[in-house]
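**Student:** Data file start25.txt (compact mmCIF, C-alpha atoms) is appended below.
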```txt
# COMPACT_ATOMS: atom_id res chain seq x y z
CA MET L 1 89.97 69.19 120.41
CA LYS L 2 92.70 70.85 122.41
CA TYR L 3 91.16 74.30 122.03
CA ARG L 4 88.10 73.02 123.84
CA ASP L 5 90.34 72.23 126.82
CA LEU L 6 91.73 75.75 126.78
CA TYR L 7 88.25 77.22 126.43
CA GLU L 8 86.96 75.24 129.40
CA TYR L 9 90.02 76.18 131.43
CA CYS L 10 89.40 79.85 130.73
CA GLN L 11 85.80 79.60 131.94
CA GLU L 12 87.16 79.08 135.45
CA GLN L 13 89.62 81.98 135.40
CA PRO L 14 88.98 85.29 137.15
CA LEU L 15 88.97 88.48 135.08
CA TYR L 16 90.97 89.69 133.51
CA ILE L 17 92.64 86.60 132.14
CA GLY L 18 96.37 87.21 131.79
CA ARG L 19 97.91 86.45 128.44
CA ASN L 20 100.52 84.29 130.12
CA VAL L 21 97.76 82.19 131.69
CA ILE L 22 96.44 81.51 128.20
CA ARG L 23 99.92 81.03 126.76
CA ASP L 24 101.00 78.56 129.41
CA LYS L 25 97.85 76.47 129.05
CA ALA L 26 98.09 76.52 125.25
CA LEU L 27 101.73 75.40 125.43
CA GLU L 28 100.83 72.63 127.86
CA LEU L 29 98.00 71.40 125.65
CA THR L 30 99.97 71.51 122.40
CA GLY L 31 103.31 70.31 123.75
CA VAL L 32 105.10 73.32 122.29
CA PRO L 33 107.97 74.26 124.63
CA LYS L 34 107.86 78.04 124.20
CA ILE L 35 106.57 80.87 122.04
CA PRO L 36 108.54 84.09 122.45
CA ILE L 37 106.91 87.40 121.51
CA THR L 38 109.07 89.94 119.73
CA ILE L 39 108.22 93.61 119.30
CA VAL L 40 109.34 94.98 115.95
CA ASP L 41 108.86 98.10 113.85
CA MET L 42 106.05 96.87 111.64
CA ASP L 43 103.55 99.51 110.54
CA PRO L 44 100.35 98.60 112.42
CA GLN L 45 98.34 100.15 109.64
CA HIS L 46 99.30 97.19 107.50
CA CYS L 47 100.05 94.39 109.94
CA ARG L 48 99.67 94.30 113.72
CA GLY L 49 101.41 90.98 114.16
CA PHE L 50 102.00 87.47 112.95
CA TYR L 51 102.57 83.91 114.09
CA LEU L 52 105.39 81.93 112.54
CA SER L 53 106.27 78.27 112.85
CA ALA L 54 109.57 77.34 111.24
CA LYS L 55 111.24 73.99 110.66
CA ASN L 56 114.82 74.81 109.74
CA GLN L 57 116.66 74.07 112.96
CA ASP L 58 119.84 75.61 111.55
CA HIS L 59 118.24 79.01 110.94
CA VAL L 60 119.41 81.75 113.31
CA MET L 61 115.83 82.58 114.34
CA VAL L 62 114.95 78.97 115.12
CA ARG L 63 118.19 78.45 117.01
CA GLN L 64 117.46 81.50 119.12
CA PHE L 65 113.70 81.31 119.62
CA GLY L 66 112.66 77.75 118.84
CA GLY L 67 110.17 76.73 116.21
CA HIS L 68 107.32 79.07 117.17
CA ILE L 69 107.42 82.83 117.43
CA VAL L 70 104.99 85.75 117.51
CA ALA L 71 105.94 89.19 116.24
CA ILE L 72 103.89 92.27 117.08
CA ALA L 73 104.05 95.87 115.96
CA ARG L 74 105.63 98.32 118.35
CA GLY L 75 103.32 100.87 119.95
CA LEU L 76 100.18 98.78 120.35
CA ASN L 77 98.44 99.59 123.61
CA LYS L 78 97.94 96.98 126.31
CA CYS L 79 94.53 95.82 125.09
CA TRP L 80 95.64 95.51 121.48
CA THR L 81 98.84 93.75 122.48
CA ARG L 82 96.88 91.23 124.53
CA PHE L 83 94.40 90.56 121.80
CA VAL L 84 96.89 90.28 118.96
CA VAL L 85 99.14 87.99 121.00
CA VAL L 86 96.32 85.74 122.19
CA LYS L 87 94.85 85.48 118.69
CA GLU L 88 98.27 84.43 117.39
CA PHE L 89 98.62 81.89 120.23
CA MET L 90 95.45 80.26 118.92
CA HIS L 91 97.36 79.18 115.82
CA LEU L 92 99.23 76.73 118.02
CA PHE L 93 96.03 74.68 117.79
CA GLY L 94 96.07 74.75 113.99
CA ASP L 95 96.29 71.63 111.84
CA GLU L 96 98.24 70.81 108.71
CA LEU L 97 95.29 71.55 106.47
CA SER L 98 94.97 75.12 107.69
CA ALA L 99 98.71 75.84 107.82
CA ALA L 100 100.15 78.28 105.31
CA ASP L 101 103.28 76.33 104.48
CA THR L 102 103.79 77.17 100.83
CA GLY L 103 104.46 80.39 98.96
CA ALA L 104 101.15 80.06 97.11
CA GLU L 105 99.17 79.70 100.34
CA PHE L 106 101.00 82.65 101.88
CA GLU L 107 100.25 84.76 98.82
CA ALA L 108 96.58 83.78 98.98
CA LEU L 109 96.59 84.77 102.64
CA LEU L 110 98.06 88.17 101.78
CA GLN L 111 95.41 88.62 99.12
CA GLY L 112 92.53 87.56 101.31
CA ILE L 113 93.33 88.76 104.81
CA ASN L 114 91.44 92.04 104.36
CA GLY L 115 88.49 90.60 102.49
CA PRO L 116 88.76 87.25 100.82
CA ASP L 117 87.27 86.32 97.46
CA GLU L 118 87.80 82.70 98.38
CA LEU L 119 87.69 81.22 101.87
CA THR L 120 90.80 79.05 101.85
CA PRO L 121 91.51 76.84 104.89
CA GLN L 122 94.26 79.29 105.82
CA ILE L 123 91.92 82.29 105.80
CA GLN L 124 89.24 80.31 107.62
CA SER L 125 91.88 79.61 110.27
CA GLU L 126 92.54 83.35 110.63
CA PHE L 127 88.86 83.99 111.22
CA ASP L 128 88.46 81.05 113.58
CA CYS L 129 91.43 82.12 115.69
CA PHE L 130 89.90 85.56 116.08
CA TRP L 131 86.78 84.02 117.61
CA MET L 132 88.84 81.52 119.61
CA ALA L 133 90.73 84.43 121.18
CA LEU L 134 87.48 86.15 122.13
CA GLY L 135 86.23 82.88 123.61
CA ALA L 136 89.38 82.50 125.68
CA LEU L 137 89.43 86.09 126.94
CA CYS L 138 85.75 86.33 127.91
CA PRO L 139 84.25 83.49 129.96
CA GLU L 140 80.75 82.64 128.79
CA ALA L 141 79.07 83.38 132.13
CA LYS L 142 80.60 86.85 132.07
CA ARG L 143 79.59 87.34 128.45
CA LEU L 144 75.97 86.50 129.27
CA GLU L 145 76.07 88.86 132.24
CA TYR L 146 77.43 91.63 130.03
CA ALA L 147 74.82 90.90 127.37
CA ALA L 148 71.99 91.25 129.85
CA LYS L 149 73.36 94.51 131.28
CA ARG L 150 74.16 95.86 127.84
CA ALA L 151 70.61 95.23 126.68
CA LEU L 152 69.39 97.34 129.60
CA ASN L 153 71.99 100.07 128.97
CA GLU L 154 73.55 99.33 132.33
CA ILE L 155 77.03 98.89 130.87
CA ASP L 156 78.79 100.26 127.81
CA ASP L 157 81.34 98.74 125.50
CA TYR L 158 84.15 100.86 126.90
CA THR L 159 83.61 99.45 130.39
CA ILE L 160 83.48 95.92 129.05
CA ALA L 161 86.69 96.54 127.13
CA LEU L 162 88.35 97.84 130.29
CA GLU L 163 87.27 94.83 132.33
CA LEU L 164 88.30 92.27 129.73
CA LYS L 165 91.27 94.36 128.58
CA ILE L 166 90.50 93.82 124.93
CA PRO L 167 90.13 96.42 122.16
CA GLN L 168 86.79 98.21 122.41
CA LEU L 169 86.48 97.71 118.67
CA TYR L 170 85.86 94.00 119.22
CA VAL L 171 83.47 94.18 122.18
CA PRO L 172 80.34 94.24 119.95
CA ARG L 173 81.50 90.97 118.37
CA LEU L 174 80.84 89.23 121.69
CA PHE L 175 77.17 90.00 121.36
CA GLU L 176 76.59 89.27 117.70
CA SER L 177 74.07 86.51 117.07
CA ARG L 178 76.70 84.49 115.22
CA TYR L 179 79.14 84.48 118.15
CA ARG L 180 77.80 81.36 119.89
CA LYS L 181 77.22 79.56 116.60
CA ILE L 182 80.80 80.11 115.45
CA LEU L 183 82.35 79.13 118.76
CA ASP L 184 80.15 76.04 119.01
CA ARG L 185 81.28 74.97 115.54
CA ILE L 186 84.91 75.44 116.51
CA LEU L 187 84.45 73.64 119.83
CA ALA L 188 82.76 70.73 118.07
CA SER L 189 85.50 70.34 115.44
CA MET Y 1 106.81 93.25 90.18
CA ASP Y 2 105.81 92.03 93.64
CA THR Y 3 109.29 92.34 95.09
CA GLN Y 4 108.32 92.18 98.74
CA ILE Y 5 106.02 89.21 98.25
CA GLU Y 6 108.69 87.26 96.41
CA LEU Y 7 111.28 88.14 99.05
CA ALA Y 8 108.94 87.06 101.86
CA LYS Y 9 108.14 83.79 100.10
CA HIS Y 10 111.84 83.06 99.79
CA ARG Y 11 112.66 83.96 103.39
CA LEU Y 12 109.74 81.99 104.72
CA PHE Y 13 109.58 78.89 102.59
CA ALA Y 14 112.98 78.15 101.10
CA VAL Y 15 114.29 74.94 102.66
CA ASP Y 16 117.58 76.61 103.53
CA GLU Y 17 115.80 79.67 104.95
CA LEU Y 18 113.07 79.39 107.62
CA ASN Y 19 111.32 76.47 105.92
CA ALA Y 20 108.09 77.67 107.50
CA ALA Y 21 105.46 75.21 108.65
CA ASP Y 22 102.91 77.98 109.09
CA ILE Y 23 102.51 81.73 109.07
CA LYS Y 24 99.42 83.65 110.05
CA LEU Y 25 98.77 87.38 110.10
CA PHE Y 26 96.89 89.89 112.19
CA PRO Y 27 95.54 92.56 109.85
CA GLY Y 28 96.42 96.21 110.27
CA SER Y 29 94.12 99.10 110.99
CA THR Y 30 93.51 99.89 107.34
CA ARG Y 31 91.56 97.45 105.25
CA ASP Y 32 93.14 98.89 102.11
CA SER Y 33 96.62 97.44 102.61
CA THR Y 34 97.96 95.71 99.53
CA PRO Y 35 99.56 92.27 99.71
CA GLU Y 36 102.85 93.95 98.84
CA GLN Y 37 102.53 96.34 101.80
CA ILE Y 38 101.73 93.50 104.21
CA ALA Y 39 104.61 91.39 102.88
CA GLU Y 40 106.91 94.37 103.39
CA GLN Y 41 106.01 94.39 107.09
CA VAL Y 42 106.70 90.67 107.39
CA ASN Y 43 110.07 91.16 105.71
CA LYS Y 44 110.89 94.06 108.00
CA ALA Y 45 110.02 91.99 111.07
CA ILE Y 46 112.10 89.00 109.99
CA ALA Y 47 115.08 91.23 109.16
CA GLN Y 48 114.86 92.98 112.51
CA ILE Y 49 114.57 89.76 114.45
CA MET Y 50 117.50 88.21 112.59
CA ASN Y 51 119.62 91.29 113.25
CA GLY Y 52 118.75 91.60 116.91
CA GLU Y 53 116.72 94.77 116.35
CA TYR Y 54 113.75 93.76 118.45
CA GLU Y 55 112.51 93.78 122.02
CA LEU Y 56 110.98 90.84 123.79
CA LEU Y 57 107.53 91.50 125.20
CA SER Y 58 107.76 91.64 128.98
CA ASP Y 59 106.56 88.60 130.86
CA ASP Y 60 104.20 90.58 133.10
CA ASN Y 61 101.06 88.63 132.21
CA ASP Y 62 99.05 91.62 130.99
```
Represent the structure contained in this file as structure tokens.
**Tutor:**
Amino acid sequence: MKYRDLYEYCQEQPLYIGRNVIRDKALELTGVPKIPITIVDMDPQHCRGFYLSAKNQDHVMVRQFGGHIVAIARGLNKCWTRFVVVKEFMHLFGDELSAADTGAEFEALLQGINGPDELTPQIQSEFDCFWMALGALCPEAKRLEYAAKRALNEIDDYTIALELKIPQLYVPRLFESRYRKILDRILAS
Amino acid sequence: MDTQIELAKHRLFAVDELNAADIKLFPGSTRDSTPEQIAEQVNKAIAQIMNGEYELLSDDND
């Protein structure tokens, strides 16, 4: 799987891993020529960003930006911007099954994004890309080092967030027991 | 009536509109957003991008 190649590439990168480093490798692996990031006035209470792949070559957006674009809400801080953007980059690795390419699938995504009743392939993809982004932004050796220090109260989540430049909110996710299991499933797929 | 949802579905999936192959979302800070509220943000973003009312994120590798 191409994500595995990105994941392994990121293991060798020094901290913090720049978003363009991840973008450029993801583009190389997927053969996508570019993925511009636009900042728009979305309300981050409701949506911090989105990834869009469009096929209509005659559409003004596609003519200007190409077939892949990320939009993010204005005013996100550096850590949030990095995380939102990298998570959306992970959708470049998505397959046809997990793509939301119909109105019904989009509507199900809207219904389920904040707590799904049914785990559709599209919602599963959202969750997987969250973990894929964490896996790309935090090399495993560093994660294990943090875990050991954290267990001894030698480092706090704020410091880890500063070093990785990711939202502090998501630092505890790195140390959940399911973290390795989820990433291993994704890497094996 | 889910006006914003229907508008977003049209803009995204009509063959003569974006004809989207995929769209994925990053949730907002509140977990209580309705589908209509999220769709409204998507519509706002698409309208702004189409009308040049956006900034490109700097290429500074943060």
**Student:** Could you tell me how far atom CA of Lys9 of chain Y sits from atom CA of Phe65 of chain L, in Å to one decimal place?
**Tutor:** 20.4 Å
**Student:** Residues within 6 Å of Asn19 of chain Y, please, as a ChimeraX atom specification. Count only C-alpha atoms; anything in the same chain fewer than 2 positions from it doesn't count.
**Tutor:** /L:54-56 /Y:12-15,17
**Student:** Could you please tell me, as a PyMOL selection string, which residues of chain L have an atom within 6 Å of chain Y when using only C-alpha atoms?
**Tutor:** chain L and resi 18-20+37-40+42+44-56+99-101+103+110-111+114
**Student:** Could you tell me how far atom CA of Ala147 of chain L lies from atom CA of Tyr16 of chain L, in Å and to one decimal?
**Tutor:** 17.3 Å
**Student:** What's around Glu28 of chain L at 12 Å? Count only C-alpha atoms, leave out sequence neighbours fewer than 3 positions away in its own chain, and write the answer as a list in words.
**Tutor:**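 Listed by chain and then number, they are Lys2, Tyr3, Asp5, Leu6, Tyr9, Asn20, Val21, Ile22, Arg23, Asp24, Lys25, Gly31, Val32, Pro33, Lys34, Ile35, Leu92 and Phe93 of chain L.
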**Student:** As an exercise, work out the distance from atom CA of Lys165 of chain L to atom CA of Ser177 of chain L in Å and give it to one decimal place.
**Tutor:**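 Separation of atom CA of Lys165 of chain L and atom CA of Ser177 of chain L: 22.1 Å.
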**Student:** For segment 119-132 of chain L, find every residue with an atom within 7 Å (counting all atoms listed in the file), except residues of its own chain fewer than 6 positions away, and show them as a JSON list (two decimals) with C-alpha atoms, in the coordinates of the input.
**Tutor:**
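Just written: around.json:
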```
[["chain", "number", "residue", "atom", "x", "y", "z"],
["L", 87, "LYS", "CA", 94.85, 85.48, 118.69],
["L", 90, "MET", "CA", 95.45, 80.26, 118.92],
["L", 91, "HIS", "CA", 97.36, 79.18, 115.82],
["L", 97, "LEU", "CA", 95.29, 71.55, 106.47],
["L", 98, "SER", "CA", 94.97, 75.12, 107.69],
["L", 99, "ALA", "CA", 98.71, 75.84, 107.82],
["L", 100, "ALA", "CA", 100.15, 78.28, 105.31],
["L", 109, "LEU", "CA", 96.59, 84.77, 102.64],
["L", 112, "GLY", "CA", 92.53, 87.56, 101.31],
["L", 113, "ILE", "CA", 93.33, 88.76, 104.81],
["L", 183, "LEU", "CA", 82.35, 79.13, 118.76],
["Y", 24, "LYS", "CA", 99.42, 83.65, 110.05]]
```
